[in-house]
Amino acid sequence: MSRTRRTSRTALLAALGLVTATGATATVLGAATAGAAAPGCKVDYRITNQWNTGFGADVTVTNTGDPVASWTVEWSYAGNQQVTQGWNATITQSGTAVTARSLSYNGALATGGSTSFGFNGSYGGTNAVPATFKLNGVTCNTTTTPPTDPPTTPPTTPPTTPPAGSKADNPYAGAKVYVNPEWSAKAAAEPGGAKVANQPTGVWLDRIAAVNGSATSMGLRAHLDEALKQKGSGELVVQLVVYNLPGRDCAALASNGELGPTEIGRYKTQYIDPIAAILADPKYAGLRIVTTVEIDSLPNLVTNVSGRPTATPNCDVMKANGNYVTGVGYALNKLGSIANVYNYVDAGHHGWLGWDDNFGASAELFKQAATAEGSTVAHVHGFIVNTANYSALKEDHFRIDDSVNGVSVRQSKWVDWNRYTDELSYAQAMRAKLVSLGFDPGLGMLIDTSRNGWGGTARPTAPGATTSVDTYVNGGRYDRRIHLGNWCNQSGAGLGERPQAAPAAGIDAYVWMKPPGESDGASKEIPNDEGKGFDRMCDPTYTGNARNGNSMSGALPDAPVSGHWFSAQFQELLKNAHPAL
């Protein structure tokens with residue numbers, strides 16, 4: 001639940017200096033005799049801000065006993081308070097019981113030493129200060145002052161800014177998200193598009209020229225300047241898609257990039273370095289910049305190389321030369337070293353990596369890339385799944401452990417032995433796997449819900465018939481694709497859940513990283529100067545290949561090259577939106 005990140009000692013001292021007149025305080029003292037190093041503690045719990053459904057708190061803990069190498073502070077709430085976001089501690093909650101554990105940089109407390117941590121929470125009814133605290137299992141005596149009244153004019157949104165110099169556990173919490181005016185204008189010009197034109201979407205930096213922009217398109221600085229205008233006095237997230245690896249998308253053709261397989265030098269010096277230089281400009285230090293790092297790259301080195309039926313020679317080349325791993329590591333290191341940048345690495349989707357022989361191997365590869373080129377796992381704030389894909393967020397009418405007439409759902413043609421039925425279960429499982437490999441326990445996941453709503457008249461309202469496992473699954477599944485492997489401009493797709501922060505356990509946000517209405521690829525070969533080829537999976541007449549079980553592609557006709565506006569797709573997404581518009 002809690003999201004933890006390292007902060008500097010300067011930031012920690014700044015946190016210790018925070019004193020707010022608003023709110024309640026509770027001072028908790030442990031019994032310790034003079035001259036003795038008996039167990040004891042002092043805990044100062046301050047409600048620094050409070051509004052109608054939430055509050056912010058700062059907790060200072062002082063060790064009056066023997067020196068400790070690490071600390072654990074425990075308390076229980078009398079009401080329904082829930083911690084939603086924290087900093088300078090790993091905070092977990094079970095029922096009313098809350099546990100805050102020290103981090104690597106603030107665990108050591110000498111006798112008389114103090115440290116602090118903070119968090120935001122929600123509540124309903126009353127927000128009483130906890131009566132009892134424990135430090136490393138030792139109960140501290142309590143002296144509680146009565147709560148003061150909340151502000152007479154409470155804020156409409158909770159304050160979520162952690163102490164200066166530290167990163168937010170969840171950058172989306174309490175923040176607005178940048179609305180790309182270029183996408184917004186295109187959406188608003190469509191019939192019915194005004195209903196979603198104010199939604200935040202990702203800004204795709206899919207070639208070197210996109211960084212600088214042109215006379216007809218905004219560059220990175222222009223977007224960041226516009227973001228400062230949108231920010232106002234609150235917090236604002238800007239979402240960037242970093243997408244230009246050498247030999248990009250080795251298993252596809254629709255989105256092959258401008259750089260050849262060996263051009264790692266150009267990737268570093270002409271693409272990543274200029275992006276990093278712009279993001280590091282102090283002018284933009286007040287923005288929360290989320291980067292989605294290189295979609296459709298690393299998993300290809302697991303699933304589409306020699307020894308697999310879906311092998312592609314280009315993917316063998318990229319595995320052999322190591323430039324995917326090198327490029328991702330370099331990007332994570334350069335961008336993650338900037339204080340207000342939050343890196344989220346692409347982790348495919350359940351219809352790609354949900355099988356046993358793909359899942360673990362991909363997670364291991366993510367760890368390899370995260371520790372390449374001077375990067376560390378600390379440069380990864382989280383992972384994103386389903387980017388620009390169509391996998392349903394949550395299938396309600398069947399579960400992976402269901403069976404029909406003794407036949408497991410995993411044996412259905414649709415599931416085909418996958419371990420996951422939807423993106424939410426996949427994202428949460430991948431998160432747990434990555435944490436087990438050494439990523440931060442507070443790792444957060446993003447799910448792209450821009451095109452996975454699958455609403456409209458074809459959306460099932462109940463499980464399928466139990467005639468067979470296939471009728472059961474096919475009759476009840478929301479995802480109406482012909483095959484899970486279909487990915488290009490899918491017929492029948494709809495807008496999914498609207499962007500929102502912290503919607504489920506372990507999920508930092510649902511996002512629209514792929515701007516709805518931007519094509520996945522051309523239905524036929526179209527000459528262009530963007531390095532984008534023609535992929536038959538975007539041709540509605542194509543009968544398929546090993547990646548989609550030799551099924552029809554399910555693609556819409558008359559599509560432009562990838563990234564270009566596709567009005568017919570946008571209208572399809574509006575019509576089939578779920579939740580409905």
# chains A, B, ... in the order shown; residues from 1 in each chain; ligands from 1
>>> residues_around(residues="Asp316 in chain A", least_positions_apart="2", cutoff="8 Å", atoms="only C-alpha atoms", output="number ranges by chain")
A: 301, 304-306, 311-314, 318-320
>>> write_last_selection(atoms="C-alpha atoms", output="compact mmCIF listing (two decimals), in the first residue's frame")
# COMPACT_ATOMS: atom_id res chain seq x y z
CA LEU A 301 14.17 -10.84 -26.29
CA ASN A 304 10.48 -13.74 -30.24
CA VAL A 305 13.97 -15.23 -30.48
CA SER A 306 15.33 -18.51 -31.79
CA ALA A 311 11.06 -16.16 -33.56
CA THR A 312 12.05 -13.20 -35.72
CA PRO A 313 15.59 -12.70 -37.09
CA ASN A 314 15.59 -9.04 -36.06
CA MET A 318 18.92 -7.33 -30.84
CA LYS A 319 19.43 -10.07 -28.28
CA ALA A 320 22.93 -10.75 -29.58
>>> residues_around(residues="Val435 in chain A", least_positions_apart="5", cutoff="12 Å", atoms="only C-alpha atoms", output="JSON, numbers by chain")
{"A": [363, 364, 366, 367, 377, 378, 380, 381, 382, 383, 428, 429, 430, 440, 441, 442, 443, 444, 445, 506]}
>>> write_last_selection(atoms="C-alpha atoms", output="JSON list (two decimals), in the first residue's frame")
[["chain", "number", "residue", "atom", "x", "y", "z"],
["A", 363, "ALA", "CA", 11.02, -10.24, -15.00],
["A", 364, "GLU", "CA", 14.66, -11.38, -14.82],
["A", 366, "PHE", "CA", 13.77, -6.30, -16.55],
["A", 367, "LYS", "CA", 16.14, -6.60, -13.60],
["A", 377, "VAL", "CA", 16.72, -0.66, -9.32],
["A", 378, "ALA", "CA", 16.37, 2.63, -7.41],
["A", 380, "VAL", "CA", 12.82, 2.41, -11.44],
["A", 381, "HIS", "CA", 9.77, 3.87, -9.75],
["A", 382, "GLY", "CA", 7.45, 1.30, -11.26],
["A", 383, "PHE", "CA", 6.29, -0.58, -14.35],
["A", 428, "GLN", "CA", -0.33, -7.27, -9.42],
["A", 429, "ALA", "CA", 1.41, -10.61, -9.96],
["A", 430, "MET", "CA", 4.23, -9.04, -11.99],
["A", 440, "ASP", "CA", 11.56, -1.59, -4.20],
["A", 441, "PRO", "CA", 8.79, -3.10, -2.03],
["A", 442, "GLY", "CA", 6.78, 0.05, -2.73],
["A", 443, "LEU", "CA", 6.97, -0.50, -6.50],
["A", 444, "GLY", "CA", 3.94, 0.94, -8.27],
["A", 445, "MET", "CA", 2.23, -0.22, -11.44],
["A", 506, "GLY", "CA", -0.23, -1.90, -5.94]]
>>> residues_around(residues="Leu573 in chain A", least_positions_apart="4", cutoff="8 Å", atoms="only C-alpha atoms", output="ChimeraX atom specification")
/A:451,492-495,516-517,569,577
>>> closest_atom_pairs(of="range 395-511 of chain A", to="range 518-525 of chain A", cutoff="12 Å", atoms="only C-alpha atoms", output="CSV")
residue,atom,partner,partner_atom,distance
A:Ser450,CA,A:Glu518,CA,10.9
A:Arg451,CA,A:Glu518,CA,10.9
A:Asn486,CA,A:Asp520,CA,11.3
A:Trp487,CA,A:Asp520,CA,8.0
A:Cys488,CA,A:Asp520,CA,5.4
A:Asn489,CA,A:Asp520,CA,5.7
A:Gln490,CA,A:Asp520,CA,9.2
>>> write_last_selection(atoms="C-alpha atoms", output="PDB file, in the first residue's frame")
ATOM      1  CA  SER A 450      -7.112   3.973 -23.055  1.00  0.00           C
ATOM      2  CA  ARG A 451      -8.635   1.298 -25.308  1.00  0.00           C
ATOM      3  CA  ASN A 486      -4.256  -9.181 -32.057  1.00  0.00           C
ATOM      4  CA  TRP A 487      -2.955  -5.682 -31.350  1.00  0.00           C
ATOM      5  CA  CYS A 488      -3.558  -3.348 -34.301  1.00  0.00           C
ATOM      6  CA  ASN A 489      -6.539  -0.928 -34.475  1.00  0.00           C
ATOM      7  CA  GLN A 490      -8.958  -3.487 -33.066  1.00  0.00           C
TER       8      GLN A 490
END
>>> closest_atom_pairs(of="range 186-222 of chain A", to="range 246-267 of chain A", cutoff="10 Å", atoms="only C-alpha atoms", output="Markdown table")
| residue | atom | partner | partner_atom | distance |
| --- | --- | --- | --- | --- |
| A:Asp206 | CA | A:Gly257 | CA | 7.6 |
| A:Arg207 | CA | A:Glu258 | CA | 6.7 |
| A:Ile208 | CA | A:Glu258 | CA | 8.4 |
>>> write_last_selection(atoms="N, CA and C atoms", output="PDB file, in the first residue's frame")
ATOM      1  N   ASP A 206       8.766   9.656 -30.015  1.00  0.00           N
ATOM      2  CA  ASP A 206       9.043   8.432 -30.759  1.00  0.00           C
ATOM      3  C   ASP A 206      10.090   8.605 -31.852  1.00  0.00           C
ATOM      4  N   ARG A 207      10.768   9.732 -31.887  1.00  0.00           N
ATOM      5  CA  ARG A 207      11.892   9.955 -32.797  1.00  0.00           C
ATOM      6  C   ARG A 207      12.642  11.194 -32.321  1.00  0.00           C
ATOM      7  N   ILE A 208      13.841  11.367 -32.808  1.00  0.00           N
ATOM      8  CA  ILE A 208      14.676  12.480 -32.365  1.00  0.00           C
ATOM      9  C   ILE A 208      13.989  13.808 -32.641  1.00  0.00           C
TER      10      ILE A 208
END
>>> residues_around(residues="Ser553 in chain A", least_positions_apart="5", cutoff="7 Å", atoms="only C-alpha atoms", output="CSV table (one decimal) with all heavy atoms, in the first residue's frame")
chain,number,residue,atom,x,y,z
A,486,ASN,N,-3.9,-10.3,-31.2
A,486,ASN,CA,-4.3,-9.2,-32.1
A,486,ASN,C,-4.0,-7.9,-31.4
A,486,ASN,O,-4.5,-7.7,-30.2
A,486,ASN,CB,-5.7,-9.3,-32.5
A,486,ASN,CG,-5.9,-10.4,-33.5
A,486,ASN,OD1,-5.0,-11.0,-34.0
A,486,ASN,ND2,-7.2,-10.7,-33.8
A,537,MET,N,-0.5,-7.4,-39.7
A,537,MET,CA,-1.4,-7.5,-38.6
A,537,MET,C,-2.3,-6.3,-38.5
A,537,MET,O,-3.3,-6.3,-37.8
A,537,MET,CB,-0.7,-7.6,-37.2
A,537,MET,CG,0.0,-9.0,-37.0
A,537,MET,SD,-1.2,-10.3,-36.9
A,537,MET,CE,-2.0,-9.9,-35.3
A,538,CYS,N,-2.0,-5.2,-39.3
A,538,CYS,CA,-2.9,-4.0,-39.4
A,538,CYS,C,-3.8,-4.1,-40.6
A,538,CYS,O,-4.6,-3.2,-40.9
A,538,CYS,CB,-2.0,-2.8,-39.5
A,538,CYS,SG,-1.0,-2.5,-38.0
A,539,ASP,N,-3.7,-5.2,-41.4
A,539,ASP,CA,-4.5,-5.4,-42.6
A,539,ASP,C,-5.7,-6.2,-42.2
A,539,ASP,O,-5.6,-7.4,-41.8
A,539,ASP,CB,-3.7,-6.1,-43.6
A,539,ASP,CG,-4.4,-6.5,-44.9
A,539,ASP,OD1,-5.6,-6.2,-45.0
A,539,ASP,OD2,-3.8,-7.1,-45.8
A,540,PRO,N,-6.9,-5.7,-42.4
A,540,PRO,CA,-8.1,-6.5,-41.9
A,540,PRO,C,-8.4,-7.8,-42.7
A,540,PRO,O,-9.1,-8.6,-42.3
A,540,PRO,CB,-9.3,-5.5,-42.2
A,540,PRO,CG,-8.8,-4.5,-43.1
A,540,PRO,CD,-7.3,-4.4,-42.9
A,542,TYR,N,-5.9,-9.9,-43.4
A,542,TYR,CA,-4.8,-10.8,-43.0
A,542,TYR,C,-5.3,-12.0,-42.2
A,542,TYR,O,-6.1,-11.8,-41.3
A,542,TYR,CB,-3.7,-10.1,-42.3
A,542,TYR,CG,-2.5,-10.9,-42.0
A,542,TYR,CD1,-1.9,-11.6,-42.9
A,542,TYR,CD2,-2.0,-10.9,-40.7
A,542,TYR,CE1,-0.7,-12.4,-42.6
A,542,TYR,CE2,-0.8,-11.6,-40.4
A,542,TYR,CZ,-0.2,-12.3,-41.3
A,542,TYR,OH,0.9,-13.0,-41.1
A,543,THR,N,-4.9,-13.2,-42.6
A,543,THR,CA,-5.4,-14.4,-41.9
A,543,THR,C,-4.5,-14.9,-40.8
A,543,THR,O,-4.7,-15.9,-40.2
A,543,THR,CB,-5.6,-15.5,-42.9
A,543,THR,OG1,-4.4,-15.8,-43.6
A,543,THR,CG2,-6.7,-15.2,-43.9
A,544,GLY,N,-3.4,-14.1,-40.4
A,544,GLY,CA,-2.7,-14.3,-39.2
A,544,GLY,C,-1.4,-15.1,-39.3
A,544,GLY,O,-1.0,-15.5,-40.4
>>> closest_atom_pairs(of="range 356-431 of chain A", to="range 466-477 of chain A", cutoff="10 Å", atoms="only C-alpha atoms", output="CSV")
residue,atom,partner,partner_atom,distance
A:Ala392,CA,A:Arg477,CA,8.7
A:Lys394,CA,A:Arg477,CA,9.5
A:Glu395,CA,A:Arg477,CA,6.3
A:Asp396,CA,A:Arg477,CA,7.9
A:His397,CA,A:Gly476,CA,5.4
A:Phe398,CA,A:Val473,CA,6.6
A:Arg399,CA,A:Val473,CA,9.2
A:Asp402,CA,A:Val469,CA,9.2
A:Ser403,CA,A:Val469,CA,7.1
A:Val404,CA,A:Val469,CA,5.2
A:Asn405,CA,A:Ser468,CA,7.2
A:Gly406,CA,A:Val469,CA,9.0
A:Val407,CA,A:Val469,CA,6.5
A:Ser408,CA,A:Val469,CA,7.3
A:Val409,CA,A:Val469,CA,6.1
A:Arg410,CA,A:Val469,CA,9.0
A:Gln411,CA,A:Val469,CA,7.7
A:Ser412,CA,A:Asp470,CA,5.2
A:Lys413,CA,A:Asp470,CA,6.5
A:Trp414,CA,A:Asn474,CA,7.3
A:Val415,CA,A:Val473,CA,8.3
A:Thr421,CA,A:Arg477,CA,9.2
A:Asp422,CA,A:Arg477,CA,9.9
>>> closest_residue(among="A:Ser94, A:Thr115, A:Asn120, A:Asn576", to="Thr60 in chain A", atoms="only C-alpha atoms")
A:Thr115
>>> select_by_dssp(residues="range 210-294 of chain A", states="alpha helix (DSSP H)", output="number ranges by chain")
A: 210-212, 220-231, 264-266, 273-279
>>> closest_residue(among="A:Thr387, A:Thr371, A:Gln571, A:Ser337", to="Leu437 in chain A", atoms="only C-alpha atoms")
A:Thr371
>>> select_by_dssp(residues="range 385-462 of chain A", states="strand (DSSP E or B)", output="ChimeraX atom specification")
/A:385,403-404,407-408,444-448
>>> write_last_selection(atoms="N, CA and C atoms", output="PDB file, in the first residue's frame")
ATOM      1  N   VAL A 385       1.870  -1.649 -17.717  1.00  0.00           N
ATOM      2  CA  VAL A 385       1.398  -2.771 -18.527  1.00  0.00           C
ATOM      3  C   VAL A 385       0.272  -2.313 -19.443  1.00  0.00           C
ATOM      4  N   SER A 403     -13.521 -24.149 -13.433  1.00  0.00           N
ATOM      5  CA  SER A 403     -13.524 -25.307 -14.325  1.00  0.00           C
ATOM      6  C   SER A 403     -14.954 -25.573 -14.783  1.00  0.00           C
ATOM      7  N   VAL A 404     -15.086 -26.167 -15.931  1.00  0.00           N
ATOM      8  CA  VAL A 404     -16.392 -26.516 -16.494  1.00  0.00           C
ATOM      9  C   VAL A 404     -16.371 -27.996 -16.840  1.00  0.00           C
ATOM     10  N   VAL A 407     -13.029 -29.449 -16.654  1.00  0.00           N
ATOM     11  CA  VAL A 407     -11.981 -28.906 -17.522  1.00  0.00           C
ATOM     12  C   VAL A 407     -11.634 -27.493 -17.062  1.00  0.00           C
ATOM     13  N   SER A 408     -10.358 -27.241 -16.812  1.00  0.00           N
ATOM     14  CA  SER A 408      -9.918 -25.945 -16.313  1.00  0.00           C
ATOM     15  C   SER A 408     -10.102 -24.850 -17.354  1.00  0.00           C
ATOM     16  N   GLY A 444       5.299   0.658  -7.807  1.00  0.00           N
ATOM     17  CA  GLY A 444       3.943   0.942  -8.269  1.00  0.00           C
ATOM     18  C   GLY A 444       3.761   0.552  -9.722  1.00  0.00           C
ATOM     19  N   MET A 445       2.545   0.181 -10.084  1.00  0.00           N
ATOM     20  CA  MET A 445       2.231  -0.224 -11.441  1.00  0.00           C
ATOM     21  C   MET A 445       1.257   0.769 -12.074  1.00  0.00           C
ATOM     22  N   LEU A 446       1.398   0.960 -13.373  1.00  0.00           N
ATOM     23  CA  LEU A 446       0.433   1.703 -14.172  1.00  0.00           C
ATOM     24  C   LEU A 446      -0.236   0.731 -15.137  1.00  0.00           C
ATOM     25  N   ILE A 447      -1.503   0.947 -15.426  1.00  0.00           N
ATOM     26  CA  ILE A 447      -2.212   0.159 -16.435  1.00  0.00           C
ATOM     27  C   ILE A 447      -2.805   1.127 -17.448  1.00  0.00           C
ATOM     28  N   ASP A 448      -2.466   0.923 -18.714  1.00  0.00           N
ATOM     29  CA  ASP A 448      -3.021   1.748 -19.787  1.00  0.00           C
ATOM     30  C   ASP A 448      -4.426   1.255 -20.094  1.00  0.00           C
TER      31      ASP A 448
END
>>> residues_around(residues="Val242 in chain A", least_positions_apart="5", cutoff="7 Å", atoms="only C-alpha atoms", output="NGL selection string")
:A and (204-206 or 291-294)
>>> write_last_selection(atoms="N, CA and C atoms", output="compact mmCIF listing (two decimals), in the first residue's frame")
# COMPACT_ATOMS: atom_id res chain seq x y z
N TRP A 204 4.23 11.27 -26.81
CA TRP A 204 5.11 10.26 -27.36
C TRP A 204 6.34 10.92 -28.02
N LEU A 205 7.50 10.63 -27.46
CA LEU A 205 8.77 11.07 -28.04
C LEU A 205 9.32 9.88 -28.83
N ASP A 206 8.77 9.66 -30.02
CA ASP A 206 9.04 8.43 -30.76
C ASP A 206 10.09 8.60 -31.85
N THR A 291 7.98 8.97 -16.91
CA THR A 291 8.45 8.44 -18.18
C THR A 291 8.05 6.99 -18.32
N THR A 292 7.48 6.65 -19.44
CA THR A 292 7.23 5.25 -19.80
C THR A 292 8.37 4.83 -20.72
N VAL A 293 9.21 3.94 -20.24
CA VAL A 293 10.49 3.68 -20.90
C VAL A 293 10.41 2.49 -21.84
N GLU A 294 10.48 2.77 -23.11
CA GLU A 294 10.70 1.83 -24.20
C GLU A 294 9.73 0.64 -24.19
>>> residues_around(residues="Asn418 in chain A", least_positions_apart="5", cutoff="9 Å", atoms="only C-alpha atoms", output="PyMOL selection string")
chain A and resi 350-351+353-356+400+410-411
>>> write_last_selection(atoms="all heavy atoms", output="PDB file, in the first residue's frame")
ATOM      1  N   HIS A 350      -0.716  -9.148 -20.206  1.00  0.00           N
ATOM      2  CA  HIS A 350      -0.924 -10.555 -19.835  1.00  0.00           C
ATOM      3  C   HIS A 350      -1.032 -11.461 -21.047  1.00  0.00           C
ATOM      4  O   HIS A 350      -0.667 -12.638 -20.984  1.00  0.00           O
ATOM      5  CB  HIS A 350      -2.159 -10.677 -18.928  1.00  0.00           C
ATOM      6  CG  HIS A 350      -3.452 -10.928 -19.642  1.00  0.00           C
ATOM      7  ND1 HIS A 350      -4.201  -9.918 -20.231  1.00  0.00           N
ATOM      8  CD2 HIS A 350      -4.150 -12.075 -19.867  1.00  0.00           C
ATOM      9  CE1 HIS A 350      -5.283 -10.433 -20.765  1.00  0.00           C
ATOM     10  NE2 HIS A 350      -5.294 -11.737 -20.563  1.00  0.00           N
ATOM     11  N   GLY A 351      -1.524 -10.925 -22.179  1.00  0.00           N
ATOM     12  CA  GLY A 351      -1.628 -11.732 -23.386  1.00  0.00           C
ATOM     13  C   GLY A 351      -0.310 -11.921 -24.102  1.00  0.00           C
ATOM     14  O   GLY A 351      -0.269 -12.564 -25.151  1.00  0.00           O
ATOM     15  N   LEU A 353       2.952 -11.932 -21.843  1.00  0.00           N
ATOM     16  CA  LEU A 353       3.899 -12.491 -20.879  1.00  0.00           C
ATOM     17  C   LEU A 353       3.241 -13.326 -19.787  1.00  0.00           C
ATOM     18  O   LEU A 353       3.920 -13.728 -18.844  1.00  0.00           O
ATOM     19  CB  LEU A 353       4.701 -11.358 -20.227  1.00  0.00           C
ATOM     20  CG  LEU A 353       5.472 -10.444 -21.183  1.00  0.00           C
ATOM     21  CD1 LEU A 353       6.272  -9.418 -20.388  1.00  0.00           C
ATOM     22  CD2 LEU A 353       6.387 -11.247 -22.092  1.00  0.00           C
ATOM     23  N   GLY A 354       1.948 -13.607 -19.899  1.00  0.00           N
ATOM     24  CA  GLY A 354       1.255 -14.303 -18.820  1.00  0.00           C
ATOM     25  C   GLY A 354       1.533 -15.787 -18.710  1.00  0.00           C
ATOM     26  O   GLY A 354       1.157 -16.413 -17.722  1.00  0.00           O
ATOM     27  N   TRP A 355       2.198 -16.382 -19.701  1.00  0.00           N
ATOM     28  CA  TRP A 355       2.517 -17.802 -19.652  1.00  0.00           C
ATOM     29  C   TRP A 355       3.766 -18.039 -18.812  1.00  0.00           C
ATOM     30  O   TRP A 355       4.654 -17.183 -18.718  1.00  0.00           O
ATOM     31  CB  TRP A 355       2.717 -18.338 -21.065  1.00  0.00           C
ATOM     32  CG  TRP A 355       1.427 -18.491 -21.808  1.00  0.00           C
ATOM     33  CD1 TRP A 355       0.612 -19.575 -21.845  1.00  0.00           C
ATOM     34  CD2 TRP A 355       0.776 -17.485 -22.614  1.00  0.00           C
ATOM     35  NE1 TRP A 355      -0.504 -19.335 -22.622  1.00  0.00           N
ATOM     36  CE2 TRP A 355      -0.433 -18.048 -23.104  1.00  0.00           C
ATOM     37  CE3 TRP A 355       1.082 -16.175 -22.966  1.00  0.00           C
ATOM     38  CZ2 TRP A 355      -1.316 -17.360 -23.918  1.00  0.00           C
ATOM     39  CZ3 TRP A 355       0.208 -15.467 -23.775  1.00  0.00           C
ATOM     40  CH2 TRP A 355      -0.976 -16.058 -24.253  1.00  0.00           C
ATOM     41  N   ASP A 356       3.840 -19.215 -18.214  1.00  0.00           N
ATOM     42  CA  ASP A 356       4.930 -19.523 -17.285  1.00  0.00           C
ATOM     43  C   ASP A 356       6.310 -19.326 -17.903  1.00  0.00           C
ATOM     44  O   ASP A 356       7.228 -18.840 -17.243  1.00  0.00           O
ATOM     45  CB  ASP A 356       4.799 -20.971 -16.797  1.00  0.00           C
ATOM     46  CG  ASP A 356       3.563 -21.190 -15.948  1.00  0.00           C
ATOM     47  OD1 ASP A 356       2.978 -20.188 -15.490  1.00  0.00           O
ATOM     48  OD2 ASP A 356       3.171 -22.354 -15.747  1.00  0.00           O
ATOM     49  N   ILE A 400      -9.397 -17.694 -13.301  1.00  0.00           N
ATOM     50  CA  ILE A 400      -8.405 -18.631 -13.810  1.00  0.00           C
ATOM     51  C   ILE A 400      -8.523 -19.998 -13.147  1.00  0.00           C
ATOM     52  O   ILE A 400      -8.131 -21.020 -13.722  1.00  0.00           O
ATOM     53  CB  ILE A 400      -6.973 -18.056 -13.616  1.00  0.00           C
ATOM     54  CG1 ILE A 400      -5.996 -18.735 -14.576  1.00  0.00           C
ATOM     55  CG2 ILE A 400      -6.516 -18.161 -12.179  1.00  0.00           C
ATOM     56  CD1 ILE A 400      -6.235 -18.419 -16.037  1.00  0.00           C
ATOM     57  N   ARG A 410      -8.073 -22.676 -17.890  1.00  0.00           N
ATOM     58  CA  ARG A 410      -6.773 -22.513 -18.555  1.00  0.00           C
ATOM     59  C   ARG A 410      -6.684 -23.333 -19.850  1.00  0.00           C
ATOM     60  O   ARG A 410      -5.865 -23.034 -20.715  1.00  0.00           O
ATOM     61  CB  ARG A 410      -5.616 -22.905 -17.629  1.00  0.00           C
ATOM     62  CG  ARG A 410      -5.430 -21.972 -16.437  1.00  0.00           C
ATOM     63  CD  ARG A 410      -4.153 -22.286 -15.696  1.00  0.00           C
ATOM     64  NE  ARG A 410      -2.979 -21.962 -16.497  1.00  0.00           N
ATOM     65  CZ  ARG A 410      -1.760 -22.432 -16.266  1.00  0.00           C
ATOM     66  NH1 ARG A 410      -1.553 -23.296 -15.274  1.00  0.00           N
ATOM     67  NH2 ARG A 410      -0.742 -22.080 -17.037  1.00  0.00           N
ATOM     68  N   GLN A 411      -7.523 -24.347 -19.972  1.00  0.00           N
ATOM     69  CA  GLN A 411      -7.505 -25.175 -21.171  1.00  0.00           C
ATOM     70  C   GLN A 411      -8.413 -24.637 -22.285  1.00  0.00           C
ATOM     71  O   GLN A 411      -8.427 -25.211 -23.379  1.00  0.00           O
ATOM     72  CB  GLN A 411      -7.923 -26.607 -20.817  1.00  0.00           C
ATOM     73  CG  GLN A 411      -6.926 -27.337 -19.927  1.00  0.00           C
ATOM     74  CD  GLN A 411      -7.401 -28.716 -19.535  1.00  0.00           C
ATOM     75  OE1 GLN A 411      -7.806 -28.962 -18.399  1.00  0.00           O
ATOM     76  NE2 GLN A 411      -7.362 -29.653 -20.484  1.00  0.00           N
TER      77      GLN A 411
END
>>> decode(residues="range 331-364 of chain A", atoms="C-alpha atoms", output="mmCIF file, in the first residue's frame")
data_model
loop_
_atom_site.group_PDB
_atom_site.id
_atom_site.type_symbol
_atom_site.label_atom_id
_atom_site.label_comp_id
_atom_site.auth_asym_id
_atom_site.auth_seq_id
_atom_site.Cartn_x
_atom_site.Cartn_y
_atom_site.Cartn_z
ATOM 1 C CA ALA A 331 17.802 5.809 -20.264
ATOM 2 C CA LEU A 332 16.898 4.733 -16.723
ATOM 3 C CA ASN A 333 20.212 5.976 -15.340
ATOM 4 C CA LYS A 334 20.169 9.351 -17.095
ATOM 5 C CA LEU A 335 16.509 10.115 -16.510
ATOM 6 C CA GLY A 336 16.193 8.508 -13.081
ATOM 7 C CA SER A 337 19.024 10.671 -11.753
ATOM 8 C CA ILE A 338 16.789 13.738 -12.161
ATOM 9 C CA ALA A 339 15.010 14.426 -8.875
ATOM 10 C CA ASN A 340 11.496 14.938 -10.247
ATOM 11 C CA VAL A 341 11.513 12.142 -12.861
ATOM 12 C CA TYR A 342 9.631 8.891 -12.167
ATOM 13 C CA ASN A 343 10.645 6.033 -14.486
ATOM 14 C CA TYR A 344 8.090 3.322 -15.301
ATOM 15 C CA VAL A 345 9.445 0.483 -17.442
ATOM 16 C CA ASP A 346 7.197 -1.272 -19.935
ATOM 17 C CA ALA A 347 6.240 -4.804 -18.819
ATOM 18 C CA GLY A 348 4.129 -5.975 -21.752
ATOM 19 C CA HIS A 349 0.662 -7.322 -20.998
ATOM 20 C CA HIS A 350 -0.924 -10.555 -19.835
ATOM 21 C CA GLY A 351 -1.628 -11.732 -23.386
ATOM 22 C CA TRP A 352 2.101 -11.549 -24.084
ATOM 23 C CA LEU A 353 3.899 -12.491 -20.879
ATOM 24 C CA GLY A 354 1.255 -14.303 -18.820
ATOM 25 C CA TRP A 355 2.517 -17.802 -19.652
ATOM 26 C CA ASP A 356 4.930 -19.523 -17.285
ATOM 27 C CA ASP A 357 7.807 -19.632 -19.760
ATOM 28 C CA ASN A 358 7.492 -15.886 -20.472
ATOM 29 C CA PHE A 359 6.629 -14.405 -17.085
ATOM 30 C CA GLY A 360 9.668 -15.171 -14.943
ATOM 31 C CA ALA A 361 12.192 -14.840 -17.745
ATOM 32 C CA SER A 362 10.861 -11.387 -18.609
ATOM 33 C CA ALA A 363 11.019 -10.235 -15.000
ATOM 34 C CA GLU A 364 14.664 -11.377 -14.823
#
